[in-house]
file final.cif (mmCIF, C-alpha atoms)
data_upload
loop_
_atom_site.label_atom_id
_atom_site.label_comp_id
_atom_site.auth_asym_id
_atom_site.auth_seq_id
_atom_site.Cartn_x
_atom_site.Cartn_y
_atom_site.Cartn_z
CA MET Z 1 -1.11 -23.10 18.37
CA GLY Z 2 -4.19 -20.95 17.67
CA PRO Z 3 -5.05 -19.03 14.55
CA LEU Z 4 -2.78 -16.18 13.54
CA ARG Z 5 -4.68 -12.93 13.09
CA ILE Z 6 -3.21 -10.32 10.78
CA ALA Z 7 -4.49 -6.77 10.27
CA ALA Z 8 -3.21 -5.02 7.15
CA VAL Z 9 -3.78 -1.67 5.49
CA GLY Z 10 -1.95 0.52 2.99
CA ASP Z 11 -2.34 4.05 1.73
CA VAL Z 12 -3.74 5.70 4.84
CA HIS Z 13 -2.13 8.94 3.58
CA ALA Z 14 -2.06 10.65 6.97
CA GLY Z 15 -2.06 14.43 7.09
CA VAL Z 16 -1.61 16.75 10.05
CA GLU Z 17 -5.12 18.23 10.06
CA ARG Z 18 -7.43 17.28 12.91
CA ASP Z 19 -9.85 15.09 10.97
CA SER Z 20 -6.99 13.05 9.56
CA ILE Z 21 -5.58 12.47 13.06
CA GLU Z 22 -8.98 11.56 14.52
CA ARG Z 23 -9.74 9.25 11.61
CA LEU Z 24 -6.53 7.27 12.09
CA ASP Z 25 -6.88 7.11 15.88
CA ALA Z 26 -10.46 5.86 15.61
CA GLY Z 27 -9.48 3.34 12.95
CA PHE Z 28 -6.76 1.71 15.04
CA ASP Z 29 -8.59 2.05 18.36
CA CYS Z 30 -9.54 -1.65 18.73
CA VAL Z 31 -7.00 -3.34 16.47
CA ALA Z 32 -5.47 -5.10 19.50
CA ASP Z 33 -8.82 -6.86 20.05
CA HIS Z 34 -8.78 -8.26 16.52
CA ALA Z 35 -5.20 -8.89 15.49
CA ASP Z 36 -1.83 -10.25 16.63
CA LEU Z 37 0.11 -8.23 14.06
CA LEU Z 38 -0.49 -5.00 12.16
CA LEU Z 39 1.05 -4.57 8.71
CA LEU Z 40 1.28 -1.14 7.04
CA ALA Z 41 1.72 -1.44 3.27
CA GLY Z 42 3.24 1.95 2.49
CA ASP Z 43 1.97 5.44 1.68
CA LEU Z 44 1.51 6.08 5.36
CA THR Z 45 1.72 9.81 4.63
CA ARG Z 46 0.60 12.29 2.03
CA CYS Z 47 3.93 14.04 1.33
CA GLY Z 48 6.47 12.07 3.37
CA THR Z 49 7.16 14.58 6.15
CA PRO Z 50 8.16 13.66 9.72
CA GLU Z 51 5.12 15.62 10.98
CA GLU Z 52 2.73 13.49 8.95
CA VAL Z 53 4.30 10.18 9.89
CA GLN Z 54 4.23 11.22 13.57
CA VAL Z 55 0.43 11.04 13.27
CA VAL Z 56 0.75 7.39 12.18
CA ALA Z 57 3.40 6.61 14.79
CA ASP Z 58 1.21 8.00 17.58
CA ALA Z 59 -1.83 6.01 16.43
CA VAL Z 60 0.20 2.80 16.15
CA ALA Z 61 1.81 3.31 19.56
CA ARG Z 62 -1.62 3.76 21.12
CA ALA Z 63 -2.91 0.64 19.31
CA GLY Z 64 -0.35 -1.50 21.14
CA VAL Z 65 0.02 -4.22 18.49
CA PRO Z 66 3.37 -5.41 17.06
CA THR Z 67 3.65 -3.56 13.76
CA ALA Z 68 5.74 -3.84 10.61
CA ALA Z 69 5.71 -1.32 7.77
CA VAL Z 70 7.20 -0.56 4.41
CA LEU Z 71 7.34 2.91 2.89
CA GLY Z 72 5.51 3.89 -0.29
CA ASN Z 73 6.15 6.44 -3.02
CA HIS Z 74 4.35 9.20 -1.10
CA ASP Z 75 6.61 8.57 1.91
CA HIS Z 76 9.61 9.39 -0.32
CA HIS Z 77 8.15 12.55 -1.87
CA ALA Z 78 9.70 15.08 0.54
CA GLY Z 79 13.13 13.45 0.30
CA ARG Z 80 13.08 12.79 4.06
CA ALA Z 81 12.63 9.01 4.09
CA GLY Z 82 15.37 8.57 6.68
CA GLU Z 83 13.53 10.84 9.12
CA VAL Z 84 10.22 9.09 8.34
CA VAL Z 85 11.81 5.73 9.20
CA GLY Z 86 13.27 7.20 12.40
CA VAL Z 87 9.88 8.42 13.63
CA LEU Z 88 8.30 5.02 13.01
CA GLU Z 89 11.13 3.13 14.64
CA SER Z 90 10.89 5.37 17.70
CA ALA Z 91 7.30 4.15 18.03
CA GLY Z 92 8.46 0.53 17.90
CA VAL Z 93 7.50 -0.13 14.27
CA ALA Z 94 9.74 -2.54 12.31
CA VAL Z 95 10.35 -0.64 9.08
CA LEU Z 96 11.38 -3.07 6.35
CA GLU Z 97 13.25 -2.46 3.11
CA GLY Z 98 14.95 -5.55 1.80
CA SER Z 99 14.83 -6.89 5.33
CA ALA Z 100 12.66 -9.07 7.53
CA ALA Z 101 11.29 -9.04 11.06
CA THR Z 102 10.31 -12.15 12.99
CA PHE Z 103 7.52 -12.06 15.55
CA ASP Z 104 6.69 -14.74 18.11
CA VAL Z 105 2.91 -15.03 18.24
CA GLY Z 106 1.84 -17.63 20.78
CA GLY Z 107 4.73 -19.92 19.90
CA CYS Z 108 4.36 -19.37 16.15
CA ARG Z 109 7.34 -17.78 14.41
CA VAL Z 110 5.97 -15.30 11.89
CA GLY Z 111 8.42 -13.81 9.41
CA VAL Z 112 7.50 -10.62 7.60
CA ALA Z 113 9.67 -9.93 4.56
CA GLY Z 114 9.28 -6.34 3.42
CA ALA Z 115 10.26 -4.03 0.61
CA LYS Z 116 8.70 -1.05 -1.14
CA GLY Z 117 8.98 -2.72 -4.52
CA PHE Z 118 8.61 -0.66 -7.68
CA GLY Z 119 6.96 -0.48 -11.08
CA GLY Z 120 8.30 -1.84 -14.33
CA GLY Z 121 5.28 -3.75 -15.56
CA PHE Z 122 4.29 -7.31 -16.19
CA ALA Z 123 5.29 -10.07 -18.57
CA GLY Z 124 4.75 -9.04 -22.17
CA ALA Z 125 4.71 -5.32 -21.40
CA CYS Z 126 7.53 -4.40 -19.08
CA VAL Z 127 10.37 -1.91 -19.25
CA SER Z 128 13.86 -3.12 -20.20
CA GLU Z 129 17.23 -1.70 -19.25
CA PHE Z 130 17.86 -0.25 -22.69
CA GLY Z 131 18.06 3.17 -24.32
CA GLU Z 132 18.19 6.49 -22.50
CA ASP Z 133 19.81 6.70 -19.09
CA GLU Z 134 16.46 7.65 -17.55
CA THR Z 135 14.79 4.50 -18.93
CA LYS Z 136 17.68 2.34 -17.80
CA ALA Z 137 17.55 3.85 -14.31
CA PHE Z 138 13.81 3.09 -14.06
CA ALA Z 139 14.33 -0.52 -15.17
CA ARG Z 140 17.34 -0.94 -12.89
CA HIS Z 141 15.40 0.28 -9.86
CA ALA Z 142 12.69 -2.33 -10.59
CA THR Z 143 15.32 -5.09 -10.71
CA GLU Z 144 17.03 -3.87 -7.55
CA ALA Z 145 13.67 -3.70 -5.75
CA ALA Z 146 12.99 -7.36 -6.59
CA ASP Z 147 16.50 -8.31 -5.51
CA ARG Z 148 15.91 -6.59 -2.18
CA LEU Z 149 12.67 -8.51 -1.73
CA GLY Z 150 14.53 -11.76 -2.45
CA ALA Z 151 17.07 -10.87 0.25
CA ALA Z 152 14.28 -10.09 2.69
CA MET Z 153 12.66 -13.46 2.08
CA ALA Z 154 15.95 -15.28 2.59
CA ALA Z 155 16.37 -13.41 5.88
CA CYS Z 156 13.29 -15.10 7.32
CA ASP Z 157 13.80 -18.60 5.98
CA GLY Z 158 12.64 -21.38 8.29
CA VAL Z 159 9.81 -19.52 10.03
CA ASP Z 160 6.37 -21.12 10.57
CA VAL Z 161 4.54 -18.50 8.54
CA ARG Z 162 6.11 -16.18 5.97
CA ILE Z 163 4.27 -13.02 4.94
CA VAL Z 164 5.43 -10.60 2.27
CA LEU Z 165 4.75 -6.90 2.80
CA LEU Z 166 5.03 -4.60 -0.25
CA HIS Z 167 3.76 -1.26 -1.44
CA TYR Z 168 3.80 -1.99 -5.20
CA SER Z 169 1.92 -4.96 -6.62
CA PRO Z 170 3.62 -8.19 -7.70
CA VAL Z 171 0.70 -9.25 -9.95
CA ARG Z 172 -1.77 -7.84 -12.47
CA ASP Z 173 -4.74 -9.49 -10.73
CA THR Z 174 -5.05 -6.89 -7.99
CA LEU Z 175 -4.73 -4.02 -10.48
CA ARG Z 176 -8.02 -4.79 -12.21
CA GLY Z 177 -9.97 -1.52 -12.23
CA GLU Z 178 -6.89 0.60 -12.88
CA SER Z 179 -6.12 1.95 -16.36
CA PRO Z 180 -3.88 -0.61 -18.11
CA GLU Z 181 -1.64 2.30 -19.16
CA LEU Z 182 -0.73 2.72 -15.48
CA TYR Z 183 0.30 -0.89 -14.85
CA PRO Z 184 4.05 -0.24 -15.41
CA PHE Z 185 3.86 2.33 -12.61
CA LEU Z 186 1.88 0.12 -10.24
CA GLY Z 187 3.94 -3.04 -9.98
CA SER Z 188 6.39 -5.53 -11.40
CA TYR Z 189 6.32 -9.22 -12.25
CA LEU Z 190 9.87 -9.43 -10.88
CA LEU Z 191 8.40 -9.16 -7.38
CA ALA Z 192 6.16 -12.19 -7.99
CA GLU Z 193 9.13 -14.14 -9.32
CA ALA Z 194 11.06 -13.46 -6.11
CA ILE Z 195 8.05 -14.52 -4.04
CA ASP Z 196 7.50 -17.74 -5.96
CA ASP Z 197 11.21 -18.60 -5.78
CA ALA Z 198 11.18 -18.50 -1.97
CA GLY Z 199 7.54 -19.32 -1.14
CA ALA Z 200 5.16 -17.40 1.09
CA ASP Z 201 1.85 -17.84 2.87
CA LEU Z 202 0.42 -14.41 2.07
CA VAL Z 203 1.40 -11.24 0.22
CA VAL Z 204 -0.14 -7.86 1.04
CA HIS Z 205 0.42 -4.65 -0.90
CA GLY Z 206 -1.13 -1.23 -1.46
CA HIS Z 207 -0.62 1.52 -4.07
CA ALA Z 208 -3.41 0.55 -6.49
CA HIS Z 209 -6.30 2.66 -5.19
CA ASN Z 210 -8.62 1.69 -8.03
CA GLY Z 211 -7.60 -1.97 -8.09
CA THR Z 212 -9.23 -5.05 -6.59
CA GLU Z 213 -8.51 -7.04 -3.46
CA ARG Z 214 -7.65 -10.57 -4.49
CA GLY Z 215 -5.05 -12.19 -6.70
CA THR Z 216 -2.44 -14.93 -6.79
CA THR Z 217 1.11 -15.16 -8.05
CA PRO Z 218 1.78 -17.55 -10.96
CA GLY Z 219 3.07 -19.96 -8.29
CA GLY Z 220 -0.21 -19.83 -6.38
CA VAL Z 221 0.65 -17.53 -3.46
CA ARG Z 222 -2.32 -15.46 -2.36
CA VAL Z 223 -1.95 -11.71 -2.93
CA ARG Z 224 -4.19 -9.10 -1.31
CA ASN Z 225 -4.40 -5.42 -2.21
CA VAL Z 226 -5.09 -3.68 1.12
CA ALA Z 227 -5.00 -0.08 -0.15
CA GLN Z 228 -7.56 1.69 2.04
CA PRO Z 229 -9.56 3.05 -0.93
CA VAL Z 230 -10.00 -0.60 -2.03
CA ILE Z 231 -10.81 -2.23 1.32
CA ARG Z 232 -12.85 0.79 2.56
CA ARG Z 233 -12.11 -0.09 6.18
CA ALA Z 234 -9.51 0.88 8.77
CA TYR Z 235 -7.72 -2.41 7.92
CA ARG Z 236 -8.40 -5.84 6.48
CA LEU Z 237 -8.27 -8.90 8.75
CA PHE Z 238 -6.78 -12.24 7.75
CA GLU Z 239 -6.75 -15.46 9.73
CA LEU Z 240 -4.14 -18.13 9.12
CA HIS Z 241 -3.84 -21.53 10.77
CA PRO Z 242 -0.16 -22.41 11.17
CA ASP Z 243 -0.84 -25.96 12.46
CA GLU Z 244 -2.91 -26.86 9.41
CA ARG Z 245 -0.27 -25.36 7.12
CA ARG Z 246 2.50 -27.30 8.85
CA THR Z 247 0.56 -30.54 8.50
CA ALA Z 248 -0.16 -29.87 4.84
CA ARG Z 249 3.51 -29.09 4.19
CA ALA Z 250 4.64 -32.26 5.96
CA ALA Z 251 2.19 -34.30 3.87
CA ALA Z 252 3.57 -32.67 0.72
CA GLY Z 253 7.15 -33.28 1.81
CA VAL Z 254 7.95 -29.55 2.03
CA ASP Z 255 9.99 -28.18 4.94
CA GLY Z 256 8.82 -25.52 7.41
CA SER Z 257 9.83 -22.55 5.30
CA MET N 1 -2.89 26.43 -20.20
CA SER N 2 -4.82 25.04 -23.17
CA SER N 3 -8.59 25.21 -22.91
CA GLU N 4 -9.01 22.07 -25.04
CA PRO N 5 -10.92 19.65 -22.77
CA GLN N 6 -8.51 16.74 -23.09
CA TYR N 7 -5.51 18.92 -22.19
CA MET N 8 -7.39 20.81 -19.50
CA ALA N 9 -8.42 17.54 -17.78
CA GLU N 10 -4.85 16.28 -17.61
CA HIS N 11 -3.50 19.66 -16.42
CA LEU N 12 -6.08 19.60 -13.62
CA ARG N 13 -5.27 15.98 -12.71
CA THR N 14 -1.56 16.82 -12.57
CA GLY N 15 -2.30 19.93 -10.52
CA LEU N 16 -4.24 17.91 -7.95
CA ALA N 17 -1.47 15.30 -7.78
CA THR N 18 1.30 17.84 -7.20
CA ASP N 19 -0.43 20.42 -4.99
CA SER N 20 0.55 19.82 -1.36
CA ARG N 21 -3.02 20.49 -0.22
CA VAL N 22 -4.13 17.27 -1.98
CA HIS N 23 -1.22 15.15 -3.32
CA GLU N 24 -3.56 12.46 -4.61
CA LEU N 25 -2.53 10.63 -7.78
CA GLY N 26 -5.69 8.59 -8.30
CA LEU N 27 -8.30 11.27 -9.03
CA ASP N 28 -10.31 11.22 -12.23
CA VAL N 29 -10.99 14.55 -13.96
CA SER N 30 -13.48 15.09 -16.79
CA VAL N 31 -14.10 18.36 -18.62
CA ILE N 32 -17.49 18.63 -20.29
CA GLY N 33 -18.07 22.02 -21.86
CA THR N 34 -17.55 24.52 -19.05
CA THR N 35 -18.04 21.92 -16.31
CA VAL N 36 -15.19 20.14 -14.50
CA VAL N 37 -16.07 16.89 -12.70
CA VAL N 38 -13.58 15.40 -10.22
CA ARG N 39 -14.10 11.89 -8.87
CA GLY N 40 -12.09 9.60 -6.65
CA ALA N 41 -11.17 9.22 -3.01
CA VAL N 42 -9.02 11.07 -0.49
CA SER N 43 -8.27 10.51 3.18
CA SER N 44 -9.63 13.66 4.83
CA VAL N 45 -12.36 16.26 4.60
CA ALA N 46 -9.71 19.00 4.28
CA GLN N 47 -8.26 17.24 1.23
CA ARG N 48 -11.67 16.88 -0.36
CA ASP N 49 -12.41 20.57 0.17
CA ALA N 50 -9.00 21.47 -1.26
CA VAL N 51 -9.83 19.53 -4.44
CA GLY N 52 -12.64 22.01 -5.16
CA MET N 53 -10.46 25.02 -4.36
CA ILE N 54 -7.57 23.89 -6.55
CA ALA N 55 -9.85 22.99 -9.45
CA SER N 56 -11.40 26.49 -9.26
CA GLU N 57 -7.94 28.08 -9.23
CA LEU N 58 -6.77 26.06 -12.24
CA ALA N 59 -10.01 26.40 -14.23
CA PRO N 60 -11.34 29.88 -13.39
CA GLY N 61 -14.90 30.40 -14.51
CA ALA N 62 -15.65 26.67 -14.83
CA GLU N 63 -18.40 25.02 -12.84
CA ILE N 64 -16.69 22.55 -10.51
CA VAL N 65 -18.48 19.34 -9.53
CA ASN N 66 -16.49 17.89 -6.64
CA ASP N 67 -17.63 14.26 -6.39
CA VAL N 68 -14.56 13.18 -4.40
CA GLU N 69 -15.32 11.08 -1.33
CA VAL N 70 -13.44 10.63 1.92
CA VAL N 71 -12.51 6.93 2.08
CA PRO N 72 -14.51 5.07 4.75
CA SER N 73 -12.25 3.88 7.55
CA ARG N 74 -14.53 2.06 9.98
CA GLN N 75 -13.01 -0.75 11.98
CA PRO N 76 -13.88 -4.28 10.79
CA ASP N 77 -15.14 -6.81 13.31
CA SER N 78 -13.60 -10.25 13.72
CA ALA N 79 -16.37 -11.88 11.69
CA GLU N 80 -15.05 -10.08 8.62
CA ALA N 81 -11.65 -11.80 8.80
CA GLU N 82 -10.73 -13.65 5.62
CA GLU N 83 -9.95 -17.31 6.39
CA LEU N 84 -6.78 -18.30 4.57
CA GLY N 85 -6.41 -21.79 6.09
#

call {"tool": "encode", "arguments": {"input": "final.cif", "output": "structure tokens"}}
result
Amino acid sequence: MGPLRIAAVGDVHAGVERDSIERLDAGFDCVADHADLLLLAGDLTRCGTPEEVQVVADAVARAGVPTAAVLGNHDHHAGRAGEVVGVLESAGVAVLEGSAATFDVGGCRVGVAGAKGFGGGFAGACVSEFGEDETKAFARHATEAADRLGAAMAACDGVDVRIVLLHYSPVRDTLRGESPELYPFLGSYLLAEAIDDAGADLVVHGHAHNGTERGTTPGGVRVRNVAQPVIRRAYRLFELHPDERRTARAAAGVDGS
Amino acid sequence: MSSEPQYMAEHLRTGLATDSRVHELGLDVSVIGTTVVVRGAVSSVAQRDAVGMIASELAPGAEIVNDVEVVPSRQPDSAEAEELG
């Protein structure tokens, strides 16, 4: 089993103007030469219209690489998320929300557990389900988002490699560079808790344009912020070695999940 | 709209976030005297140009310094892959 090559990017914010279309097409032109899987970490569009996401769907279809995606907050802005999902699925993209997709890459079973996630903040400074209805609704959505991620991870138990795909961040680490006042709107520790409960080989997310690339969950899972303004490339490439991971797990007495 | 710099900056930032020509939440706006400086990144030339137009509409008479960049999106080569073991 050879190395597993993952391409990941979030926050491409596609628009319908020509330079946006050309930029995306050029960016994904050779992704098939570099990667076995393409992961899109939300905010595929600017306003969440079917016309904008068609630009992404066309570029991905031309790229010809198995692709999984989650939506981001921008993709919900127009209130047409169902249509956005439909356009992506028509192009063969696995759109994940509290669900998982499994890909066979050269005999390696790769599970991608995906959810948008949400804000809510991090330990010591996070919102609680208390007070006004609006505050309670915000806190409840954060809890439900983490529950959906937990369900997604359970749905791909037993794979060789498990990758988590989010839009919001599960850790503070990758938010460094953002104003601390924004942290409750950029991620939630509940997402990291769900990840550490189930275990994962890699987490990718977007959303934090002014953040930094690298972090880890408290349980030691590597987290990467692939928001395009952070990575400043068409996508970020990761290489994993499933055989080495399997051997290390066997030595540690951990099963294949 | 208040002309106090701290209010003006936030009104402009909100305007850029909610105007469909830009819809970018991560821009930084500073108001220094009669000068408005906008920094940050967007995903197209049309968006960057719209930042200047919207700032002029929301702060008529101000000098607008549009320092917003279009995010680079070149393709990486395989040598740039991060080895995760």

call {"tool": "resolve_selection", "arguments": {"input": "final.cif", "expression": "the PyMOL selection byres ((chain Z) within 8 of (chain N))", "output": "ChimeraX atom specification"}}
result
/Z:12-15,17,19-20,23,26-28,30-31,34,46-47,209-210,228-229,232-241,244-245

call {"tool": "atom_distance", "arguments": {"input": "final.cif", "atom1": "CA of Leu24 (chain Z)", "atom2": "CA of Gly72 (chain Z)"}}
result
17.6 Å

call {"tool": "closest_residue", "arguments": {"input": "final.cif", "among": "N:Val68, N:Ala59, N:Gly52, N:Leu12", "to": "Val29 (chain N)", "atoms": "all atoms listed in the file"}}
result
N:Leu12

call {"tool": "resolve_selection", "arguments": {"input": "final.cif", "expression": "the PyMOL selection byres ((chain Z and resi 154-170) around 8)", "output": "count of residues only"}}
result
59

call {"tool": "resolve_selection", "arguments": {"input": "final.cif", "expression": "the PyMOL selection byres ((chain N and resi 55) around 8)", "output": "MDAnalysis selection string"}}
result
chainID N and resid 12 16 36 51:54 56:59 64

call {"tool": "write_last_selection", "arguments": {"input": "final.cif", "atoms": "C-alpha atoms", "output": "compact mmCIF listing (two decimals), in the frame of the given file"}}
result
# COMPACT_ATOMS: atom_id res chain seq x y z
CA LEU N 12 -6.08 19.60 -13.62
CA LEU N 16 -4.24 17.91 -7.95
CA VAL N 36 -15.19 20.14 -14.50
CA VAL N 51 -9.83 19.53 -4.44
CA GLY N 52 -12.64 22.01 -5.16
CA MET N 53 -10.46 25.02 -4.36
CA ILE N 54 -7.57 23.89 -6.55
CA SER N 56 -11.40 26.49 -9.26
CA GLU N 57 -7.94 28.08 -9.23
CA LEU N 58 -6.77 26.06 -12.24
CA ALA N 59 -10.01 26.40 -14.23
CA ILE N 64 -16.69 22.55 -10.51

call {"tool": "residues_around", "arguments": {"input": "final.cif", "residues": "region 78-82 of chain Z", "least_positions_apart": "6", "cutoff": "8 Å", "atoms": "only C-alpha atoms", "output": "VMD selection string"}}
result
chain Z and resid 47 to 50

call {"tool": "write_last_selection", "arguments": {"input": "final.cif", "atoms": "C-alpha atoms", "output": "tab-separated table (two decimals), keeping the file's coordinate frame"}}
result
chain	number	residue	atom	x	y	z
Z	47	CYS	CA	3.93	14.04	1.33
Z	48	GLY	CA	6.47	12.07	3.37
Z	49	THR	CA	7.16	14.58	6.15
Z	50	PRO	CA	8.16	13.66	9.72

call {"tool": "closest_residue", "arguments": {"input": "final.cif", "among": "Z:Asp25, Z:Asp104, Z:Glu213, Z:Glu132", "to": "Gly177 (chain Z)", "atoms": "all atoms listed in the file"}}
result
Z:Glu213

call {"tool": "atom_distance", "arguments": {"input": "final.cif", "atom1": "CA of His76 (chain Z)", "atom2": "CA of Ile21 (chain Z)"}}
result
20.5 Å

call {"tool": "residues_near_point", "arguments": {"input": "final.cif", "point": "(-1.9, -5.7, 8.4)", "cutoff": "6 Å", "atoms": "only C-alpha atoms", "output": "NGL selection string"}}
result
:Z and (6-9 or 38-40)

call {"tool": "write_last_selection", "arguments": {"input": "final.cif", "atoms": "C-alpha atoms", "output": "CSV table (one decimal), keeping the file's coordinate frame"}}
result
chain,number,residue,atom,x,y,z
Z,6,ILE,CA,-3.2,-10.3,10.8
Z,7,ALA,CA,-4.5,-6.8,10.3
Z,8,ALA,CA,-3.2,-5.0,7.2
Z,9,VAL,CA,-3.8,-1.7,5.5
Z,38,LEU,CA,-0.5,-5.0,12.2
Z,39,LEU,CA,1.0,-4.6,8.7
Z,40,LEU,CA,1.3,-1.1,7.0
